[in-house]
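The data block below is protein27.csv; it holds CSV, C-alpha atoms and all ligand atoms.
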chain,number,residue,atom,x,y,z
A,1,MET,CA,14.7,-20.1,29.7
A,2,ARG,CA,14.0,-16.9,31.6
A,3,VAL,CA,14.3,-13.8,29.5
A,4,LEU,CA,14.5,-10.1,30.4
A,5,GLY,CA,13.0,-7.9,27.6
A,6,ILE,CA,13.6,-4.2,27.0
A,7,GLU,CA,11.6,-2.0,24.8
A,8,THR,CA,12.4,1.7,24.1
A,9,SER,CA,11.6,2.2,20.4
A,10,CYS,CA,9.3,5.2,20.8
A,11,ASP,CA,7.5,6.7,23.8
A,12,GLU,CA,6.9,3.7,26.1
A,13,THR,CA,9.7,2.7,28.5
A,14,SER,CA,9.2,-0.9,29.2
A,15,ALA,CA,10.8,-4.0,30.7
A,16,ALA,CA,9.4,-7.5,31.2
A,17,VAL,CA,10.4,-11.0,32.3
A,18,VAL,CA,9.0,-14.1,30.5
A,19,ASP,CA,9.7,-17.8,30.9
A,20,GLU,CA,8.2,-21.1,29.8
A,21,SER,CA,5.1,-20.3,32.0
A,22,GLY,CA,4.4,-17.1,30.1
A,23,ILE,CA,4.6,-13.4,31.1
A,24,CYS,CA,6.0,-13.0,34.7
A,25,SER,CA,6.0,-9.2,34.6
A,26,ASN,CA,5.5,-6.4,32.1
A,27,ILE,CA,6.1,-2.9,33.3
A,28,ILE,CA,5.2,-0.1,30.9
A,29,ALA,CA,5.7,3.6,31.6
A,30,THR,CA,4.1,5.9,28.9
A,31,GLN,CA,6.0,9.2,28.6
A,32,LYS,CA,3.7,12.1,29.3
A,33,VAL,CA,6.2,14.8,28.2
A,34,HIS,CA,5.0,14.6,24.6
A,35,GLU,CA,1.3,15.5,25.3
A,36,ALA,CA,1.9,19.2,25.3
A,37,TYR,CA,3.5,18.9,21.8
A,38,GLY,CA,0.8,16.9,20.1
A,39,GLY,CA,3.3,14.2,19.1
A,40,VAL,CA,6.5,12.4,20.1
A,41,VAL,CA,9.5,14.7,20.4
A,42,PRO,CA,12.5,12.3,19.7
A,43,GLU,CA,15.1,14.0,22.0
A,44,PHE,CA,12.7,14.2,24.9
A,45,ALA,CA,11.8,10.5,24.3
A,46,SER,CA,15.5,9.3,24.6
A,47,ARG,CA,16.1,11.5,27.7
A,48,ALA,CA,13.0,10.1,29.4
A,49,HIS,CA,14.1,6.5,28.6
A,50,MET,CA,17.5,7.2,30.0
A,51,ARG,CA,16.1,8.6,33.3
A,52,GLN,CA,13.5,5.8,33.7
A,53,LEU,CA,14.8,2.6,32.2
A,54,SER,CA,17.0,1.2,35.0
A,55,GLY,CA,14.2,1.7,37.5
A,56,ILE,CA,11.7,0.0,35.2
A,57,VAL,CA,14.1,-3.0,34.8
A,58,ARG,CA,14.4,-3.2,38.5
A,59,LEU,CA,10.6,-3.2,39.0
A,60,ALA,CA,10.1,-5.8,36.3
A,61,LEU,CA,12.6,-8.2,38.0
A,62,GLN,CA,11.1,-7.5,41.4
A,63,GLN,CA,7.5,-8.2,40.2
A,64,ALA,CA,8.7,-11.4,38.5
A,65,GLY,CA,10.2,-12.4,41.9
A,66,THR,CA,13.7,-12.7,40.5
A,67,SER,CA,16.9,-10.7,40.1
A,68,LEU,CA,19.5,-10.2,37.4
A,69,ALA,CA,21.2,-13.4,38.6
A,70,GLY,CA,18.0,-15.3,37.8
A,71,ILE,CA,17.9,-14.2,34.2
A,72,ASP,CA,19.2,-16.6,31.5
A,73,ALA,CA,19.3,-14.1,28.5
A,74,LEU,CA,18.1,-10.7,27.4
A,75,ALA,CA,16.1,-9.5,24.4
A,76,VAL,CA,16.0,-5.9,23.3
A,77,THR,CA,14.3,-3.9,20.5
A,78,CYS,CA,16.9,-2.9,17.9
A,79,GLY,CA,14.5,-1.3,15.3
A,80,PRO,CA,12.5,0.0,13.7
A,81,GLY,CA,12.0,3.1,15.9
A,82,LEU,CA,13.7,6.4,17.0
A,83,ALA,CA,17.5,6.0,16.9
A,84,GLY,CA,18.2,7.9,20.1
A,85,SER,CA,15.5,5.9,22.0
A,86,LEU,CA,16.6,2.6,20.7
A,87,LEU,CA,20.2,3.3,21.7
A,88,VAL,CA,19.2,3.8,25.3
A,89,GLY,CA,17.6,0.3,25.5
A,90,LEU,CA,20.4,-1.5,23.5
A,91,SER,CA,23.1,0.2,25.6
A,92,LEU,CA,21.6,-0.9,28.9
A,93,CYS,CA,21.0,-4.4,27.5
A,94,LYS,CA,24.6,-4.7,26.4
A,95,GLY,CA,25.8,-3.4,29.8
A,96,ILE,CA,23.8,-6.1,31.6
A,97,ALA,CA,24.8,-8.9,29.2
A,98,LEU,CA,28.5,-7.9,29.5
A,99,THR,CA,28.4,-7.8,33.3
A,100,LEU,CA,26.5,-11.1,33.7
A,101,GLY,CA,28.2,-12.9,30.8
A,102,LYS,CA,24.7,-13.8,29.5
A,103,PRO,CA,23.6,-14.0,25.9
A,104,PHE,CA,21.3,-11.3,24.3
A,105,ILE,CA,19.3,-10.9,21.1
A,106,GLY,CA,18.2,-7.8,19.1
A,107,VAL,CA,14.5,-8.1,18.2
A,108,ASN,CA,12.5,-6.5,15.4
A,109,HIS,CA,9.7,-4.4,17.0
A,110,ILE,CA,7.2,-5.5,14.4
A,111,GLU,CA,7.9,-9.2,15.0
A,112,GLY,CA,7.3,-8.5,18.7
A,113,HIS,CA,3.8,-7.1,17.9
A,114,ILE,CA,2.9,-10.1,15.7
A,115,LEU,CA,4.1,-12.7,18.2
A,116,ALA,CA,2.4,-11.0,21.1
A,117,THR,CA,-1.0,-11.9,19.6
A,118,ALA,CA,0.0,-15.2,17.9
A,119,ALA,CA,1.1,-16.5,21.4
A,120,GLN,CA,-2.6,-16.3,22.4
A,121,LEU,CA,-3.6,-18.9,19.9
A,122,HIS,CA,-3.7,-22.5,21.3
A,123,LYS,CA,-2.5,-23.8,18.0
A,124,ILE,CA,-1.2,-21.7,15.2
A,125,ASP,CA,-2.2,-22.8,11.7
A,126,TYR,CA,0.4,-21.7,9.1
A,127,PRO,CA,0.3,-19.8,6.9
A,128,TYR,CA,-1.6,-16.9,8.6
A,129,ILE,CA,-2.1,-13.2,7.8
A,130,CYS,CA,-1.2,-10.6,10.4
A,131,LEU,CA,-2.6,-7.0,10.2
A,132,VAL,CA,-0.2,-4.7,12.0
A,133,ALA,CA,-1.6,-1.2,12.6
A,134,SER,CA,0.2,1.2,14.9
A,135,GLY,CA,1.3,4.8,15.0
A,136,GLY,CA,4.3,4.1,12.6
A,137,HIS,CA,3.2,1.1,10.6
A,138,THR,CA,0.3,-0.4,8.7
A,139,LEU,CA,1.2,-3.7,7.2
A,140,LEU,CA,-0.3,-7.0,6.0
A,141,VAL,CA,2.2,-9.7,6.7
A,142,LEU,CA,2.0,-13.3,5.4
A,143,VAL,CA,3.5,-15.6,8.0
A,144,GLN,CA,4.5,-18.7,6.2
A,145,GLU,CA,6.1,-20.5,9.1
A,146,PRO,CA,7.8,-19.5,12.4
A,147,ARG,CA,10.1,-16.5,11.8
A,148,ARG,CA,9.4,-16.3,8.1
A,149,TYR,CA,7.6,-13.1,7.1
A,150,GLU,CA,6.5,-11.6,3.8
A,151,ILE,CA,5.0,-8.2,3.6
A,152,VAL,CA,2.1,-8.4,1.1
A,153,GLY,CA,0.5,-4.9,1.7
A,154,ARG,CA,1.6,-1.7,3.4
A,155,THR,CA,0.4,1.9,3.6
A,156,MET,CA,1.5,4.2,0.8
A,157,ASP,CA,1.4,7.3,3.1
A,158,ASP,CA,0.1,7.6,6.7
A,159,ALA,CA,-0.2,4.7,9.1
A,160,ALA,CA,-3.6,4.0,10.5
A,161,GLY,CA,-2.7,5.1,14.0
A,162,GLU,CA,-1.1,8.3,12.5
A,163,ALA,CA,-4.4,9.0,10.8
A,164,PHE,CA,-6.2,8.7,14.2
A,165,ASP,CA,-3.6,11.1,15.7
A,166,LYS,CA,-3.8,13.6,12.9
A,167,VAL,CA,-7.6,13.6,12.7
A,168,ALA,CA,-7.8,14.0,16.5
A,169,LYS,CA,-5.6,17.1,16.1
A,170,VAL,CA,-7.8,18.5,13.3
A,171,LEU,CA,-10.9,17.9,15.5
A,172,GLY,CA,-9.2,19.4,18.6
A,173,LEU,CA,-9.4,16.2,20.6
A,174,GLY,CA,-5.8,16.0,21.9
A,175,TYR,CA,-3.0,13.4,21.9
A,176,PRO,CA,-2.8,10.4,21.6
A,177,GLY,CA,-5.5,10.6,19.1
A,178,GLY,CA,-6.8,7.0,19.0
A,179,PRO,CA,-8.4,6.8,22.4
A,180,ALA,CA,-9.7,10.5,22.0
A,181,VAL,CA,-11.4,9.7,18.7
A,182,GLU,CA,-12.9,6.5,20.0
A,183,ALA,CA,-14.3,8.3,23.1
A,184,SER,CA,-15.8,11.1,20.9
A,185,ALA,CA,-17.2,8.6,18.4
A,186,ARG,CA,-19.2,6.8,21.2
A,187,GLY,CA,-22.1,9.3,20.8
A,188,GLY,CA,-22.0,9.4,17.1
A,189,ASN,CA,-23.5,7.7,14.0
A,190,PRO,CA,-20.8,5.8,12.0
A,191,ASP,CA,-22.9,6.1,8.8
A,192,ALA,CA,-23.6,9.8,9.1
A,193,ILE,CA,-20.8,10.9,6.7
A,194,ALA,CA,-19.6,8.9,3.7
A,195,PHE,CA,-15.8,9.3,4.1
A,196,PRO,CA,-13.7,7.5,1.5
A,197,ARG,CA,-12.4,3.9,1.8
A,198,ALA,CA,-9.3,4.5,-0.2
A,199,LEU,CA,-8.0,1.9,-2.7
A,200,SER,CA,-10.8,-0.4,-1.7
A,201,GLU,CA,-11.5,-1.2,-5.4
A,202,SER,CA,-7.8,-1.8,-6.1
A,203,THR,CA,-6.7,-5.4,-6.3
A,204,ASN,CA,-3.4,-4.7,-4.5
A,205,LEU,CA,-3.2,-5.0,-0.8
A,206,ASN,CA,-1.9,-1.5,0.0
A,207,PHE,CA,-3.5,1.2,2.1
A,208,SER,CA,-3.8,4.9,1.9
A,209,PHE,CA,-5.1,7.1,4.8
A,210,SER,CA,-3.9,10.6,3.8
A,211,GLY,CA,-7.0,11.2,1.6
A,212,LEU,CA,-9.3,10.2,4.4
A,213,LYS,CA,-7.5,12.6,6.8
A,214,THR,CA,-7.9,15.4,4.2
A,215,ALA,CA,-11.6,14.6,3.7
A,216,VAL,CA,-12.2,14.9,7.5
A,217,LEU,CA,-10.3,18.3,7.5
A,218,TYR,CA,-12.4,19.7,4.6
A,219,TYR,CA,-15.6,18.5,6.1
A,220,ALA,CA,-14.8,20.0,9.5
A,221,GLN,CA,-13.8,23.3,7.8
A,222,SER,CA,-17.1,23.4,5.9
A,223,LEU,CA,-19.0,23.7,9.2
A,224,ASP,CA,-19.5,26.8,11.4
A,225,PRO,CA,-18.1,26.3,14.9
A,226,VAL,CA,-21.5,25.6,16.6
A,227,GLU,CA,-22.5,23.1,13.9
A,228,GLY,CA,-18.9,21.6,14.1
A,229,ALA,CA,-19.1,21.0,17.8
A,230,ALA,CA,-22.6,19.4,17.5
A,231,ARG,CA,-21.4,17.1,14.7
A,232,LEU,CA,-18.1,16.1,16.3
A,233,PRO,CA,-19.3,12.6,17.5
A,234,ASP,CA,-20.7,11.9,14.0
A,235,ILE,CA,-17.4,13.0,12.3
A,236,ALA,CA,-15.3,10.9,14.7
A,237,ALA,CA,-17.6,7.8,14.4
A,238,SER,CA,-17.7,8.1,10.6
A,239,PHE,CA,-13.9,8.5,10.3
A,240,GLN,CA,-13.4,5.6,12.7
A,241,MET,CA,-15.7,3.4,10.6
A,242,ALA,CA,-13.9,4.3,7.4
A,243,VAL,CA,-10.6,3.2,8.9
A,244,ILE,CA,-12.1,-0.1,10.3
A,245,ASP,CA,-13.8,-0.8,6.9
A,246,THR,CA,-10.6,-0.1,5.0
A,247,LEU,CA,-8.5,-2.3,7.3
A,248,PHE,CA,-11.1,-5.1,7.1
A,249,ILE,CA,-11.5,-5.0,3.3
A,250,LYS,CA,-7.8,-5.4,2.7
A,251,SER,CA,-7.3,-8.0,5.4
A,252,ARG,CA,-10.0,-10.1,3.8
A,253,ARG,CA,-8.5,-9.7,0.4
A,254,ALA,CA,-5.1,-10.8,1.8
A,255,LEU,CA,-6.6,-13.9,3.4
A,256,GLU,CA,-8.2,-14.8,0.1
A,257,ALA,CA,-5.2,-14.0,-2.0
A,258,CYS,CA,-2.8,-16.0,0.2
A,259,GLY,CA,-5.2,-18.9,0.9
A,260,CYS,CA,-5.2,-18.3,4.7
A,261,ARG,CA,-8.0,-19.0,7.2
A,262,THR,CA,-6.4,-17.3,10.3
A,263,LEU,CA,-6.1,-13.5,10.9
A,264,VAL,CA,-3.9,-12.1,13.7
A,265,LEU,CA,-4.3,-8.5,14.7
A,266,ALA,CA,-1.4,-6.5,16.2
A,267,GLY,CA,-0.4,-2.9,17.1
A,268,GLY,CA,-1.8,0.0,19.1
A,269,VAL,CA,-4.8,0.6,16.8
A,270,MET,CA,-6.1,-2.8,17.9
A,271,ARG,CA,-7.1,-1.3,21.3
A,272,ASN,CA,-10.0,0.3,19.5
A,273,GLY,CA,-13.2,-1.2,20.8
A,274,PRO,CA,-15.5,-1.0,17.7
A,275,LEU,CA,-12.6,-2.3,15.6
A,276,ARG,CA,-12.3,-5.4,17.8
A,277,LYS,CA,-16.1,-6.0,17.8
A,278,ILE,CA,-16.5,-5.5,14.0
A,279,PHE,CA,-13.5,-7.7,13.1
A,280,ALA,CA,-14.8,-10.4,15.5
A,281,ALA,CA,-18.3,-10.4,14.0
A,282,ARG,CA,-17.2,-10.3,10.3
A,283,CYS,CA,-14.5,-13.0,10.8
A,284,GLY,CA,-17.1,-15.1,12.6
A,285,GLU,CA,-19.5,-14.9,9.7
A,286,LEU,CA,-16.7,-15.9,7.3
A,287,GLY,CA,-15.4,-18.7,9.4
A,288,ILE,CA,-12.0,-17.0,9.8
A,289,ALA,CA,-10.1,-17.8,13.0
A,290,LEU,CA,-9.2,-14.5,14.6
A,291,ALA,CA,-6.6,-13.6,17.3
A,292,ILE,CA,-6.9,-10.2,18.9
A,293,PRO,CA,-4.3,-9.1,21.5
A,294,ALA,CA,-5.2,-8.3,25.1
A,295,PRO,CA,-5.5,-4.5,25.2
A,296,GLU,CA,-2.2,-4.2,27.3
A,297,LEU,CA,-0.4,-6.2,24.6
A,298,CYS,CA,-1.5,-3.9,21.7
A,299,THR,CA,0.6,-0.9,22.5
A,300,ASP,CA,4.3,-1.1,22.8
A,301,ASN,CA,5.5,-3.3,25.7
A,302,ALA,CA,8.6,-5.3,26.5
A,303,ALA,CA,6.8,-8.6,27.1
A,304,MET,CA,6.2,-8.9,23.3
A,305,ILE,CA,10.0,-8.3,22.8
A,306,ALA,CA,11.0,-10.8,25.4
A,307,GLN,CA,8.6,-13.4,23.9
A,308,ALA,CA,9.8,-12.9,20.3
A,309,GLY,CA,13.5,-12.8,21.6
A,310,ARG,CA,13.0,-16.0,23.6
A,311,GLN,CA,11.7,-17.9,20.6
A,312,ARG,CA,14.8,-16.9,18.6
A,313,LEU,CA,17.2,-17.6,21.5
A,314,LEU,CA,15.6,-21.1,21.9
A,315,ALA,CA,16.2,-21.6,18.2
A,316,GLY,CA,19.9,-20.9,18.9
A,317,GLU,CA,20.2,-17.3,17.6
A,318,ARG,CA,22.4,-14.8,19.4
A,319,SER,CA,23.4,-11.2,18.8
A,320,ASP,CA,27.0,-10.0,19.3
A,321,PHE,CA,28.3,-6.8,20.9
A,322,SER,CA,28.7,-5.1,17.4
A,323,LEU,CA,24.9,-5.0,17.1
A,324,ASP,CA,23.7,-1.5,16.3
A,325,VAL,CA,20.2,0.0,16.2
A,326,GLU,CA,18.4,0.2,12.8
A,327,PRO,CA,15.7,2.9,12.8
A,328,ASN,CA,14.3,1.7,9.5
A,329,LEU,CA,14.7,-2.0,10.1
A,330,SER,CA,12.3,-4.0,7.9
A,331,LEU,CA,10.6,-7.3,8.9
B,1,LIG,O1,1.8,0.2,18.7
B,1,LIG,P1,1.8,1.5,19.3
B,1,LIG,O2,1.7,1.7,20.8
B,1,LIG,O3,3.1,2.4,19.0
B,1,LIG,C1,3.7,2.3,17.7
B,1,LIG,O4,4.5,1.4,17.5
B,1,LIG,O5,3.4,3.2,16.9
B,1,LIG,O6,0.6,2.3,18.6
B,1,LIG,C2,0.3,3.7,18.9
B,1,LIG,C3,-0.8,4.1,18.0
B,1,LIG,C4,-1.1,5.6,18.1
B,1,LIG,O7,-1.2,6.1,16.8
B,1,LIG,C5,-2.5,5.6,18.8
B,1,LIG,O8,-3.3,6.7,18.4
B,1,LIG,C6,-3.1,4.3,18.3
B,1,LIG,O9,-2.1,3.4,18.4
B,1,LIG,N1,-4.2,3.9,19.2
B,1,LIG,C7,-5.5,3.8,18.9
B,1,LIG,C8,-6.2,3.5,20.1
B,1,LIG,N2,-5.3,3.4,21.1
B,1,LIG,C9,-4.1,3.7,20.6
B,1,LIG,N3,-6.1,3.9,17.7
B,1,LIG,C10,-7.4,3.8,17.7
B,1,LIG,N4,-8.2,3.5,18.8
B,1,LIG,C11,-7.6,3.4,20.0
B,1,LIG,N5,-8.4,3.1,21.1
B,2,ZN,ZN,4.7,-0.5,18.2
Go ahead and render the structure in this file as structure tokens.
Amino acid sequence: MRVLGIETSCDETSAAVVDESGICSNIIATQKVHEAYGGVVPEFASRAHMRQLSGIVRLALQQAGTSLAGIDALAVTCGPGLAGSLLVGLSLCKGIALTLGKPFIGVNHIEGHILATAAQLHKIDYPYICLVASGGHTLLVLVQEPRRYEIVGRTMDDAAGEAFDKVAKVLGLGYPGGPAVEASARGGNPDAIAFPRALSESTNLNFSFSGLKTAVLYYAQSLDPVEGAARLPDIAASFQMAVIDTLFIKSRRALEACGCRTLVLAGGVMRNGPLRKIFAARCGELGIALAIPAPELCTDNAAMIAQAGRQRLLAGERSDFSLDVEPNLSL
């Protein structure tokens, strides 16, 4: 079954084609319009999706060596995400499905992130734990069996990616914050400043990143400008290490609590180089099987939506034309 996937939940406009052989194309256009505002402006996001999406779909079909006539079904993100942005993707999907008389399915964006990594495992041992860390979400998900998810931990305030974005703003490093903090941290000492690992003593599996963000703000404000500039790499590296440690401590606890031996990582924060290395080393020591997404599959992309949708379509699921977007859709 050849599936055309569409993803427009936030600021990436993306279309992809997948079939039984894997990903045939995955075109991602990251909207630049938000950079000047230091964050995503919802109305600009929907307008940019509207302008670009049909061209991106055409490119995805072309690169996959096919056309709309060669598509068996469609998959589209229906939530969670920005309402106006989701509506652009869902409307185009319905238009194509109606014209071609082909089935379509609405996909949960978070399920897309999870399955994008899980698809890399040769054999998936259930149950497994998935750590999802993106700009909007930080979740620990127990995956009992295909398409059966239980959220066992979540952030009580900021998402991990949001913490990177906010700290980058505090440190004057620009947007998006994750890559900027990682670049600045390269010359720094991760042990230089003892930033807090919130809730690390607590037995629950929840996260909190707002105290860490405030600790970085107070630390940066305590330095004079010259000292602040000189210590920037140490601050970035120490903050980054605090996030990595926190994510690892809770993931390990979730694995133990749920009796799992496999950890799957998903979401934009997984692009972070030191995080990938540290998780690989620590999971190796503990004998935990670890799946890390390829960098281009960490951030939002339509291949992950097409893959997740394809699994559901193959299982016989379909959406109907009354499907609406759900900005707060849970897993
Ligand atoms: O999954 P994603 O593309 O979009 C959402 O669904 O939110 O994740 C975007 C988030 C942003 O907060 C961004 O700062 C973060 O992922 N991110 C990173 C890195 N690259 C992107 N965080 C840390 N290190 C990175 N290299
Ligand atoms: Zn995402």
Could you give me, as a list in words, the residues that have an atom at most 10 Å away from the point (24.8, -13.6, 32.0) in the coordinates of the file, using all atoms listed in the file?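 Neighbouring residues, ordered by chain and number, come to Leu68, Ala69, Gly70, Ile71, Asp72, Ala73, Leu74, Ile96, Ala97, Leu98, Thr99, Leu100, Gly101, Lys102, Pro103 and Phe104 of chain A.
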Limited to C-alpha atoms, could you put the picked residues into a file as an mmCIF file, keeping the file's coordinate frame?
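Resulting contents of selection-v5.cif:
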data_model
loop_
_atom_site.group_PDB
_atom_site.id
_atom_site.type_symbol
_atom_site.label_atom_id
_atom_site.label_comp_id
_atom_site.auth_asym_id
_atom_site.auth_seq_id
_atom_site.Cartn_x
_atom_site.Cartn_y
_atom_site.Cartn_z
ATOM 1 C CA LEU A 68 19.500 -10.200 37.400
ATOM 2 C CA ALA A 69 21.200 -13.400 38.600
ATOM 3 C CA GLY A 70 18.000 -15.300 37.800
ATOM 4 C CA ILE A 71 17.900 -14.200 34.200
ATOM 5 C CA ASP A 72 19.200 -16.600 31.500
ATOM 6 C CA ALA A 73 19.300 -14.100 28.500
ATOM 7 C CA LEU A 74 18.100 -10.700 27.400
ATOM 8 C CA ILE A 96 23.800 -6.100 31.600
ATOM 9 C CA ALA A 97 24.800 -8.900 29.200
ATOM 10 C CA LEU A 98 28.500 -7.900 29.500
ATOM 11 C CA THR A 99 28.400 -7.800 33.300
ATOM 12 C CA LEU A 100 26.500 -11.100 33.700
ATOM 13 C CA GLY A 101 28.200 -12.900 30.800
ATOM 14 C CA LYS A 102 24.700 -13.800 29.500
ATOM 15 C CA PRO A 103 23.600 -14.000 25.900
ATOM 16 C CA PHE A 104 21.300 -11.300 24.300
#
Please check which residues have atoms at most 7 Å from (10.6, -12.4, 33.7) in the file's coordinates, counting all atoms listed in the file, and write them as a ChimeraX atom specification. /A:2-4,16-19,23-25,61,64
What is the CA of Gly267 in chain A-CA of Leu297 in chain A distance in Å, reported with one decimal? 8.2 Å
Spatial neighbours of Ile56 in chain A, max dist 9 Å, all atoms listed in the file, sep filter under 2 positions, as a PyMOL selection string: chain A and resi 13-16+27-29+52-54+58-61
With distances taken over only C-alpha atoms and all ligand atoms, which residue among A:Ser200, A:Ser251, A:Thr155, A:Asn301 lies nearest ligand LIG 1 (chain B)?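 Selected residue with least distance to ligand LIG 1 (chain B): A:Asn301.
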Please identify the residues whose atoms come within 6 Å of ligand LIG 1 (chain B), using all atoms listed in the file, and report them as a list in words. Ser134, Gly135, Gly136, Gly161, Glu162, Phe164, Asp165, Pro176, Gly177, Gly178, Pro179, Glu182, Gly267, Gly268, Val269, Arg271, Asn272, Thr299 and Asp300 of chain A
Export C-alpha atoms of the chosen residues as a PDB file, keeping the file's coordinate frame?
ATOM      1  CA  SER A 134       0.200   1.200  14.900  1.00  0.00           C
ATOM      2  CA  GLY A 135       1.300   4.800  15.000  1.00  0.00           C
ATOM      3  CA  GLY A 136       4.300   4.100  12.600  1.00  0.00           C
ATOM      4  CA  GLY A 161      -2.700   5.100  14.000  1.00  0.00           C
ATOM      5  CA  GLU A 162      -1.100   8.300  12.500  1.00  0.00           C
ATOM      6  CA  PHE A 164      -6.200   8.700  14.200  1.00  0.00           C
ATOM      7  CA  ASP A 165      -3.600  11.100  15.700  1.00  0.00           C
ATOM      8  CA  PRO A 176      -2.800  10.400  21.600  1.00  0.00           C
ATOM      9  CA  GLY A 177      -5.500  10.600  19.100  1.00  0.00           C
ATOM     10  CA  GLY A 178      -6.800   7.000  19.000  1.00  0.00           C
ATOM     11  CA  PRO A 179      -8.400   6.800  22.400  1.00  0.00           C
ATOM     12  CA  GLU A 182     -12.900   6.500  20.000  1.00  0.00           C
ATOM     13  CA  GLY A 267      -0.400  -2.900  17.100  1.00  0.00           C
ATOM     14  CA  GLY A 268      -1.800   0.000  19.100  1.00  0.00           C
ATOM     15  CA  VAL A 269      -4.800   0.600  16.800  1.00  0.00           C
ATOM     16  CA  ARG A 271      -7.100  -1.300  21.300  1.00  0.00           C
ATOM     17  CA  ASN A 272     -10.000   0.300  19.500  1.00  0.00           C
ATOM     18  CA  THR A 299       0.600  -0.900  22.500  1.00  0.00           C
ATOM     19  CA  ASP A 300       4.300  -1.100  22.800  1.00  0.00           C
TER      20      ASP A 300
END
Need to verify the contact set: Asn206 in chain A, 12 Å, all atoms listed in the file, exclusion of same-chain residues closer than 2 positions in sequence. Can you return it as a PyMOL selection string? chain A and resi 131+138-141+151-160+197-204+208-209+246-247+249-251+253-254
Atom pair CA of Ala266 in chain A / CA of Ala242 in chain A: separation (Å): 18.7 Å
Return as CSV the residues of range 250-309 of chain A lying at most 10 Å from range 105-127 of chain A, together with the closest atom-to-atom pair for each and the distance in Å to one decimal, counting all atoms listed in the file, with rows in chain order and ascending residue number.
residue,atom,partner,partner_atom,distance
A:Leu255,CA,A:Pro127,CA,9.7
A:Cys258,CA,A:Pro127,CA,8.3
A:Gly259,CA,A:Pro127,CA,8.2
A:Cys260,CA,A:Pro127,CA,6.1
A:Arg261,CA,A:Asp125,CA,8.3
A:Thr262,CA,A:Asp125,CA,7.1
A:Leu263,CA,A:Ala118,CA,9.4
A:Val264,CA,A:Ala118,CA,6.5
A:Leu265,CA,A:Thr117,CA,6.8
A:Ala266,CA,A:His113,CA,5.5
A:Gly267,CA,A:His113,CA,6.0
A:Gly268,CA,A:His113,CA,9.1
A:Ala289,CA,A:Asp125,CA,9.4
A:Leu290,CA,A:Leu121,CA,8.9
A:Ala291,CA,A:Thr117,CA,6.3
A:Ile292,CA,A:Thr117,CA,6.2
A:Pro293,CA,A:Thr117,CA,4.7
A:Ala294,CA,A:Thr117,CA,7.8
A:Leu297,CA,A:Ala116,CA,6.6
A:Cys298,CA,A:His113,CA,7.3
A:Thr299,CA,A:His113,CA,8.4
A:Asp300,CA,A:His113,CA,7.8
A:Asn301,CA,A:His113,CA,8.8
A:Ala302,CA,A:Gly112,CA,8.5
A:Ala303,CA,A:Ala116,CA,7.8
A:Met304,CA,A:Gly112,CA,4.7
A:Ile305,CA,A:Gly112,CA,4.9
A:Ala306,CA,A:Gly112,CA,8.0
A:Gln307,CA,A:Ala116,CA,7.2
A:Ala308,CA,A:Gly112,CA,5.3
A:Gly309,CA,A:Val107,CA,5.9
Go ahead and write the residues just picked, C-alpha atoms, as a PDB file, keeping the file's coordinate frame.
ATOM      1  CA  LEU A 255      -6.600 -13.900   3.400  1.00  0.00           C
ATOM      2  CA  CYS A 258      -2.800 -16.000   0.200  1.00  0.00           C
ATOM      3  CA  GLY A 259      -5.200 -18.900   0.900  1.00  0.00           C
ATOM      4  CA  CYS A 260      -5.200 -18.300   4.700  1.00  0.00           C
ATOM      5  CA  ARG A 261      -8.000 -19.000   7.200  1.00  0.00           C
ATOM      6  CA  THR A 262      -6.400 -17.300  10.300  1.00  0.00           C
ATOM      7  CA  LEU A 263      -6.100 -13.500  10.900  1.00  0.00           C
ATOM      8  CA  VAL A 264      -3.900 -12.100  13.700  1.00  0.00           C
ATOM      9  CA  LEU A 265      -4.300  -8.500  14.700  1.00  0.00           C
ATOM     10  CA  ALA A 266      -1.400  -6.500  16.200  1.00  0.00           C
ATOM     11  CA  GLY A 267      -0.400  -2.900  17.100  1.00  0.00           C
ATOM     12  CA  GLY A 268      -1.800   0.000  19.100  1.00  0.00           C
ATOM     13  CA  ALA A 289     -10.100 -17.800  13.000  1.00  0.00           C
ATOM     14  CA  LEU A 290      -9.200 -14.500  14.600  1.00  0.00           C
ATOM     15  CA  ALA A 291      -6.600 -13.600  17.300  1.00  0.00           C
ATOM     16  CA  ILE A 292      -6.900 -10.200  18.900  1.00  0.00           C
ATOM     17  CA  PRO A 293      -4.300  -9.100  21.500  1.00  0.00           C
ATOM     18  CA  ALA A 294      -5.200  -8.300  25.100  1.00  0.00           C
ATOM     19  CA  LEU A 297      -0.400  -6.200  24.600  1.00  0.00           C
ATOM     20  CA  CYS A 298      -1.500  -3.900  21.700  1.00  0.00           C
ATOM     21  CA  THR A 299       0.600  -0.900  22.500  1.00  0.00           C
ATOM     22  CA  ASP A 300       4.300  -1.100  22.800  1.00  0.00           C
ATOM     23  CA  ASN A 301       5.500  -3.300  25.700  1.00  0.00           C
ATOM     24  CA  ALA A 302       8.600  -5.300  26.500  1.00  0.00           C
ATOM     25  CA  ALA A 303       6.800  -8.600  27.100  1.00  0.00           C
ATOM     26  CA  MET A 304       6.200  -8.900  23.300  1.00  0.00           C
ATOM     27  CA  ILE A 305      10.000  -8.300  22.800  1.00  0.00           C
ATOM     28  CA  ALA A 306      11.000 -10.800  25.400  1.00  0.00           C
ATOM     29  CA  GLN A 307       8.600 -13.400  23.900  1.00  0.00           C
ATOM     30  CA  ALA A 308       9.800 -12.900  20.300  1.00  0.00           C
ATOM     31  CA  GLY A 309      13.500 -12.800  21.600  1.00  0.00           C
TER      32      GLY A 309
END
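Pairwise distance (CA of Arg282 in chain A, CA of Leu173 in chain A) equals 29.5 Å.
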Can you pull out every residue within 8 Å of Pro196 in chain A, counting all atoms listed in the file, but drop anything in the same chain fewer than 3 positions away, and send it as a short mmCIF file (atom, residue, chain, number, x, y, z; two decimals) with C-alpha atoms, in the frame of the given file?
data_model
loop_
_atom_site.label_atom_id
_atom_site.label_comp_id
_atom_site.auth_asym_id
_atom_site.auth_seq_id
_atom_site.Cartn_x
_atom_site.Cartn_y
_atom_site.Cartn_z
CA GLY A 211 -7.00 11.20 1.60
CA LEU A 212 -9.30 10.20 4.40
CA ALA A 215 -11.60 14.60 3.70
CA ALA A 242 -13.90 4.30 7.40
#
